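Colleague: What follows is input17.json, JSON, C-alpha atoms.
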```json
[["chain", "number", "residue", "atom", "x", "y", "z"],
["D", 78, "MET", "CA", 0.00, 0.00, 0.00],
["D", 79, "ASN", "CA", 3.04, 2.26, 0.46],
["D", 80, "ALA", "CA", 4.77, 1.16, -2.72],
["D", 81, "PRO", "CA", 4.70, 3.25, -5.85],
["D", 82, "PRO", "CA", 2.20, 1.91, -8.42],
["D", 83, "TYR", "CA", 4.91, 0.39, -10.65],
["D", 84, "ARG", "CA", 5.97, -1.97, -7.83],
["D", 85, "ARG", "CA", 2.48, -3.17, -7.03],
["D", 86, "PRO", "CA", 2.28, -5.98, -9.62],
["D", 87, "THR", "CA", 5.37, -7.59, -8.06],
["D", 88, "LEU", "CA", 3.90, -7.31, -4.58],
["D", 89, "ALA", "CA", 0.57, -8.67, -5.82],
["D", 90, "ARG", "CA", 2.40, -11.70, -7.21],
["D", 91, "GLN", "CA", 4.06, -12.22, -3.82],
["D", 92, "LEU", "CA", 0.63, -12.10, -2.20],
["D", 93, "ARG", "CA", -0.68, -14.63, -4.69],
["D", 94, "ASP", "CA", 2.22, -16.94, -3.82],
["D", 95, "LEU", "CA", 1.41, -16.56, -0.12],
["D", 96, "GLU", "CA", -2.22, -17.31, -0.84],
["D", 97, "HIS", "CA", -1.08, -20.58, -2.44],
["D", 98, "VAL", "CA", 1.00, -21.34, 0.64],
["D", 99, "GLY", "CA", -2.11, -20.74, 2.75],
["D", 100, "ASP", "CA", -4.16, -23.05, 0.54],
["D", 101, "GLN", "CA", -1.52, -25.76, 0.92],
["D", 102, "VAL", "CA", -1.38, -25.43, 4.72],
["D", 103, "THR", "CA", -5.17, -25.57, 4.89],
["D", 104, "HIS", "CA", -5.12, -28.66, 2.69],
["D", 105, "ASP", "CA", -2.50, -30.25, 4.97],
["D", 106, "ILE", "CA", -4.60, -29.50, 8.05],
["D", 107, "MET", "CA", -7.74, -30.98, 6.45],
["D", 108, "ARG", "CA", -5.85, -34.07, 5.35],
["D", 109, "ALA", "CA", -4.40, -34.52, 8.85],
["D", 110, "LEU", "CA", -7.89, -34.03, 10.25],
["D", 111, "ASN", "CA", -9.30, -36.74, 8.03],
["D", 112, "THR", "CA", -6.57, -39.20, 8.92],
["D", 113, "SER", "CA", -6.29, -38.54, 12.67],
["D", 114, "PHE", "CA", -8.16, -40.62, 15.16],
["D", 115, "ILE", "CA", -7.37, -38.27, 18.02],
["D", 116, "THR", "CA", -7.42, -34.49, 17.57],
["D", 117, "PRO", "CA", -6.34, -31.83, 20.07],
["D", 118, "PHE", "CA", -9.77, -30.21, 20.04],
["D", 119, "ASP", "CA", -13.09, -30.53, 18.24],
["D", 120, "ARG", "CA", -12.78, -31.54, 14.60],
["D", 121, "GLU", "CA", -15.23, -28.86, 13.56],
["D", 122, "ASP", "CA", -13.18, -26.19, 15.35],
["D", 123, "ILE", "CA", -10.01, -27.35, 13.63],
["D", 124, "ALA", "CA", -11.70, -27.09, 10.23],
["D", 125, "VAL", "CA", -13.18, -23.65, 11.01],
["D", 126, "LEU", "CA", -9.90, -22.32, 12.37],
["D", 127, "ALA", "CA", -7.97, -23.55, 9.33],
["D", 128, "ALA", "CA", -10.53, -22.00, 6.98],
["D", 129, "GLY", "CA", -10.48, -18.76, 8.99],
["D", 130, "LEU", "CA", -6.71, -18.35, 8.71],
["D", 131, "ASP", "CA", -6.94, -19.15, 5.01],
["D", 132, "ASP", "CA", -9.64, -16.49, 4.61],
["D", 133, "VAL", "CA", -7.38, -13.86, 6.16],
["D", 134, "VAL", "CA", -4.73, -14.38, 3.49],
["D", 135, "ASP", "CA", -7.37, -14.51, 0.76],
["D", 136, "GLU", "CA", -8.77, -11.14, 1.87],
["D", 137, "ILE", "CA", -5.32, -9.54, 2.07],
["D", 138, "GLU", "CA", -4.41, -10.91, -1.34],
["D", 139, "ALA", "CA", -7.62, -9.52, -2.81],
["D", 140, "ALA", "CA", -6.82, -6.04, -1.45],
["D", 141, "GLY", "CA", -3.41, -6.09, -3.12],
["D", 142, "ASP", "CA", -4.85, -7.44, -6.36],
["D", 143, "LEU", "CA", -7.52, -4.72, -6.54],
["D", 144, "THR", "CA", -4.94, -1.94, -6.33],
["D", 145, "VAL", "CA", -3.28, -3.43, -9.41],
["D", 146, "LEU", "CA", -6.43, -4.31, -11.37],
["D", 147, "TYR", "CA", -7.95, -0.88, -10.81],
["D", 148, "LYS", "CA", -4.67, 0.88, -11.65],
["D", 149, "ILE", "CA", -5.06, 3.08, -8.60],
["D", 150, "GLY", "CA", -2.50, 5.87, -8.12],
["D", 151, "ALA", "CA", -1.59, 7.24, -4.73],
["D", 152, "LEU", "CA", -3.67, 5.96, -1.87],
["D", 153, "PRO", "CA", -4.80, 8.07, 1.11],
["D", 154, "GLN", "CA", -2.50, 7.98, 4.14],
["D", 155, "ALA", "CA", -5.22, 6.29, 6.19],
["D", 156, "VAL", "CA", -5.00, 3.27, 3.86],
["D", 157, "HIS", "CA", -1.40, 2.80, 5.01],
["D", 158, "GLU", "CA", -2.55, 3.11, 8.61],
["D", 159, "HIS", "CA", -5.17, 0.43, 7.96],
["D", 160, "ALA", "CA", -2.47, -1.84, 6.49],
["D", 161, "GLU", "CA", -0.40, -1.26, 9.65],
["D", 162, "LEU", "CA", -3.34, -2.35, 11.78],
["D", 163, "LEU", "CA", -3.59, -5.53, 9.69],
["D", 164, "GLU", "CA", 0.11, -6.15, 10.28],
["D", 165, "GLU", "CA", -0.39, -5.80, 14.02],
["D", 166, "ALA", "CA", -3.40, -8.13, 13.88],
["D", 167, "ALA", "CA", -1.26, -10.68, 12.04],
["D", 168, "ARG", "CA", 1.53, -10.40, 14.63],
["D", 169, "VAL", "CA", -0.89, -10.80, 17.51],
["D", 170, "THR", "CA", -2.55, -13.74, 15.74],
["D", 171, "THR", "CA", 0.81, -15.44, 15.15],
["D", 172, "GLU", "CA", 1.72, -15.01, 18.82],
["D", 173, "GLY", "CA", -1.73, -16.18, 19.88],
["D", 174, "MET", "CA", -1.58, -19.28, 17.71],
["D", 175, "ALA", "CA", 1.71, -20.24, 19.33],
["D", 176, "ARG", "CA", -0.13, -20.21, 22.69],
["D", 177, "LEU", "CA", -2.92, -22.47, 21.46],
["D", 178, "ARG", "CA", -0.97, -25.52, 22.60],
["D", 179, "THR", "CA", -0.99, -24.47, 26.25],
["D", 180, "LEU", "CA", -4.08, -22.22, 26.20],
["D", 181, "GLN", "CA", -2.07, -19.80, 28.37],
["D", 182, "LYS", "CA", -2.62, -16.04, 28.04],
["D", 183, "LEU", "CA", -4.92, -16.51, 25.07],
["D", 184, "GLU", "CA", -7.32, -13.95, 26.47],
["D", 185, "ASP", "CA", -4.75, -11.21, 25.77],
["D", 186, "TYR", "CA", -4.79, -12.30, 22.14],
["D", 187, "TRP", "CA", -8.49, -12.08, 21.46],
["D", 188, "ILE", "CA", -8.90, -8.88, 23.47],
["D", 189, "ARG", "CA", -6.16, -7.16, 21.44],
["D", 190, "ILE", "CA", -7.63, -8.45, 18.17],
["D", 191, "ASN", "CA", -10.99, -7.05, 19.19],
["D", 192, "GLU", "CA", -9.36, -3.68, 19.96],
["D", 193, "ILE", "CA", -7.57, -3.68, 16.61],
["D", 194, "GLU", "CA", -10.80, -4.52, 14.82],
["D", 195, "ASN", "CA", -12.53, -1.60, 16.56],
["D", 196, "LEU", "CA", -9.70, 0.72, 15.51],
["D", 197, "ALA", "CA", -9.93, -0.63, 11.97],
["D", 198, "ASP", "CA", -13.70, -0.02, 11.94],
["D", 199, "ALA", "CA", -13.25, 3.60, 13.01],
["D", 200, "LEU", "CA", -10.47, 4.10, 10.48],
["D", 201, "TYR", "CA", -12.60, 2.50, 7.77],
["D", 202, "ARG", "CA", -15.45, 4.93, 8.34],
["D", 203, "ALA", "CA", -13.11, 7.93, 8.52],
["D", 204, "LEU", "CA", -11.39, 6.76, 5.35],
["D", 205, "LEU", "CA", -14.65, 6.51, 3.44],
["D", 206, "ALA", "CA", -15.64, 10.00, 4.58],
["D", 207, "GLN", "CA", -12.24, 11.27, 3.46],
["D", 208, "VAL", "CA", -12.55, 9.57, 0.06],
["D", 209, "PHE", "CA", -16.03, 10.97, -0.55],
["D", 210, "ASP", "CA", -14.82, 14.42, 0.53],
["D", 211, "SER", "CA", -11.71, 14.29, -1.62],
["D", 212, "GLY", "CA", -13.20, 15.88, -4.68],
["D", 213, "SER", "CA", -11.80, 13.06, -6.84],
["D", 214, "ASP", "CA", -13.80, 11.81, -9.79],
["D", 215, "VAL", "CA", -16.48, 9.27, -8.96],
["D", 216, "VAL", "CA", -14.75, 6.30, -10.59],
["D", 217, "THR", "CA", -11.56, 6.92, -8.59],
["D", 218, "MET", "CA", -13.61, 7.18, -5.41],
["D", 219, "ILE", "CA", -15.32, 3.86, -6.16],
["D", 220, "LYS", "CA", -12.00, 2.18, -6.88],
["D", 221, "ILE", "CA", -10.46, 3.36, -3.60],
["D", 222, "LYS", "CA", -13.62, 2.43, -1.72],
["D", 223, "GLU", "CA", -13.37, -1.10, -3.08],
["D", 224, "VAL", "CA", -9.80, -1.40, -1.76],
["D", 225, "VAL", "CA", -10.80, 0.07, 1.60],
["D", 226, "ASP", "CA", -13.75, -2.35, 1.82],
["D", 227, "GLN", "CA", -11.36, -5.19, 1.15],
["D", 228, "LEU", "CA", -9.01, -4.06, 3.94],
["D", 229, "GLU", "CA", -11.97, -4.00, 6.29],
["D", 230, "ARG", "CA", -12.90, -7.53, 5.27],
["D", 231, "ALA", "CA", -9.35, -8.60, 6.15],
["D", 232, "ALA", "CA", -9.68, -7.01, 9.60],
["D", 233, "ASP", "CA", -13.01, -8.80, 10.08],
["D", 234, "ALA", "CA", -11.37, -12.08, 9.06],
["D", 235, "PHE", "CA", -8.78, -11.69, 11.85],
["D", 236, "GLU", "CA", -11.58, -11.15, 14.33],
["D", 237, "ARG", "CA", -13.41, -14.29, 13.15],
["D", 238, "VAL", "CA", -10.22, -16.30, 13.77],
["D", 239, "ALA", "CA", -9.96, -14.83, 17.27],
["D", 240, "ASN", "CA", -13.60, -15.74, 17.93],
["D", 241, "VAL", "CA", -12.93, -19.34, 16.97],
["D", 242, "VAL", "CA", -9.90, -19.45, 19.28],
["D", 243, "GLN", "CA", -11.97, -17.99, 22.11],
["D", 244, "SER", "CA", -14.57, -20.69, 21.56],
["D", 245, "ILE", "CA", -11.91, -23.42, 21.56],
["D", 246, "ALA", "CA", -10.38, -22.05, 24.77],
["D", 247, "ALA", "CA", -13.78, -21.99, 26.46],
["D", 248, "LYS", "CA", -14.45, -25.62, 25.56],
["D", 249, "GLU", "CA", -10.99, -26.82, 26.54],
["D", 250, "SER", "CA", -10.68, -25.03, 29.86],
["A", 116, "MET", "CA", -9.02, -33.79, 32.82],
["A", 117, "ARG", "CA", -7.98, -34.80, 29.31],
["A", 118, "LEU", "CA", -7.32, -38.54, 29.12],
["A", 119, "THR", "CA", -6.23, -38.77, 25.50],
["A", 120, "PRO", "CA", -2.85, -37.68, 24.14],
["A", 121, "ARG", "CA", -2.77, -34.52, 22.03],
["A", 122, "ASN", "CA", -1.95, -34.73, 18.35],
["A", 123, "THR", "CA", 0.55, -31.89, 18.25],
["A", 124, "GLN", "CA", 0.98, -31.65, 14.47],
["A", 125, "PHE", "CA", -2.12, -29.45, 14.32],
["A", 126, "TYR", "CA", -0.53, -26.81, 16.55],
["A", 127, "ASP", "CA", 2.49, -26.64, 14.28],
["A", 128, "MET", "CA", 0.33, -26.28, 11.19],
["A", 129, "PHE", "CA", -1.77, -23.53, 12.76],
["A", 130, "THR", "CA", 1.43, -21.70, 13.67],
["A", 131, "VAL", "CA", 2.56, -21.93, 10.04],
["A", 132, "ALA", "CA", -0.84, -20.72, 8.81],
["A", 133, "ALA", "CA", -0.77, -17.76, 11.20],
["A", 134, "SER", "CA", 2.78, -16.91, 10.21],
["A", 135, "ASN", "CA", 1.60, -16.88, 6.61],
["A", 136, "THR", "CA", -0.97, -14.20, 7.46],
["A", 137, "LEU", "CA", 1.88, -12.10, 8.88],
["A", 138, "ASP", "CA", 3.94, -12.54, 5.72],
["A", 139, "ALA", "CA", 0.93, -11.44, 3.65],
["A", 140, "ALA", "CA", 0.24, -8.43, 5.89],
["A", 141, "LEU", "CA", 3.87, -7.32, 5.61],
["A", 142, "VAL", "CA", 3.78, -7.53, 1.82],
["A", 143, "LEU", "CA", 0.50, -5.61, 1.78],
["A", 144, "LYS", "CA", 1.98, -2.87, 3.94],
["A", 145, "ASN", "CA", 4.90, -2.39, 1.52]]
```
Can the structure from this file be put into structure tokens for me?
Modeller:
Amino acid sequence: MNAPPYRRPTLARQLRDLEHVGDQVTHDIMRALNTSFITPFDREDIAVLAAGLDDVVDEIEAAGDLTVLYKIGALPQAVHEHAELLEEAARVTTEGMARLRTLQKLEDYWIRINEIENLADALYRALLAQVFDSGSDVVTMIKIKEVVDQLERAADAFERVANVVQSIAAKES
Amino acid sequence: MRLTPRNTQFYDMFTVAASNTLDAALVLKN
């Protein structure tokens, strides 16, 4: 989101590659699920959690792809701030997932994800107001709105993952 | 109390999947 437009196709390709990695990991989890007699927690939760993490990458990849497809120029500063929130959500999720094994301090994880999602919501609304106030032509506004909507979907996807983890923790404790 | 052993491969795979979201978020931020 910070890169100049000419670099975006390269970054979009990197995102596509990461999406494929996510698909492969999800496939591995589902295969392990179908061949395991004993699972660490409910089978349904494992499937939902795997799909949720896969969705996060899909949503992020879509945001990057749209900036290329729509040939968008400079993006508003708040778009970069939204991308930074997504990075923090990803860091917190990665740390949280490492604690899934012991179920220790998981509450910190889903509380912070919820806070980040609230910040992302507020930023999303402010961003839309800014875009509609920008005086840009309507097509440009629609293009940027589509990207912003996609960023918001990515933030929502992180929250859905956290909700699944919260549910798992409640059942396992 | 849990009486069955845990199948730990799932934890490792979830860690990899989560780490992949971080890689994607970092690329997006660029």
Colleague: Check every residue of chain D for an atom within 7 Å of chain A, counting only C-alpha atoms, and provide those that qualify as a ChimeraX atom specification.
Modeller: /D:78-80,88,92,95,99,102,106,115-117,130,133-134,137,141,157,160-161,163-164,167-168,170-171,174-175,177-178
Colleague: Out of D:Ala246, D:Leu196, D:Ile221, D:Val98, which residue has the shortest atom-to-atom distance to D:Val156 when counting only C-alpha atoms?
Modeller: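 Nearest to D:Val156: D:Ile221.
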Colleague: So the first atom is atom CA of D:Ala155 and the second is atom CA of D:Ala234; what is the distance between them in Å, to one decimal place?
Modeller: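 Going from atom CA of D:Ala155 over to atom CA of D:Ala234, I get 19.6 Å.
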Colleague: When you count all atoms listed in the file, which of these residues is closest to D:Asp135: D:Ser113, D:Thr87, D:Gln227, D:Gln181?
Modeller: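 So, comparing all the options, the nearest one is D:Gln227.
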Colleague: Kindly extract all protein, DNA and RNA residues lying within 9 Å of the coordinates (-4.4, 9.8, -2.5) given in the file, considering all atoms listed in the file, and supply them as a PyMOL selection string.
Modeller: chain D and resi 150-154+208+211+221
Colleague: So, with all atoms listed in the file as the atoms that count, which of D:Ile193, D:Glu172, D:Glu96, D:Ala124 lies closest to D:Ala109?
Modeller: D:Ala124
Colleague: When you draw a straight line from atom CA of D:Glu158 to atom CA of D:His97, how long is it in Å?
Modeller: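 Computed distance, atom CA of D:Glu158 to atom CA of D:His97, equals 26.2 Å.
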Colleague: Using all atoms listed in the file, can you tell me which of D:Gly212, D:Asp198, D:Thr217, D:Phe118 comes closest to D:Ile245?
Modeller: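 Checking each candidate against D:Ile245, we get D:Phe118 as the closest.
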Colleague: For D:Tyr201, which residue out of D:Ala232, D:Leu183, D:Ala139, D:Ala247 is the nearest one, using all atoms listed in the file?
Modeller: D:Ala232
Colleague: Padding of 6 Å on every side, edges along x, y and z, all listed atoms of stretch 78-85 of chain D included: what centre and edge lengths in Å, to one decimal, does that box have, as AutoDock Vina command-line options?
Modeller:
```
--center_x 3.0 --center_y 0.0 --center_z -5.1 --size_x 18.0 --size_y 18.4 --size_z 23.1
```
Colleague: Quick one: pull the distance between atom CA of D:Lys248 and atom CA of D:Asp132, Å, one decimal.
Modeller: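 Going from atom CA of D:Lys248 over to atom CA of D:Asp132 covers 23.4 Å.
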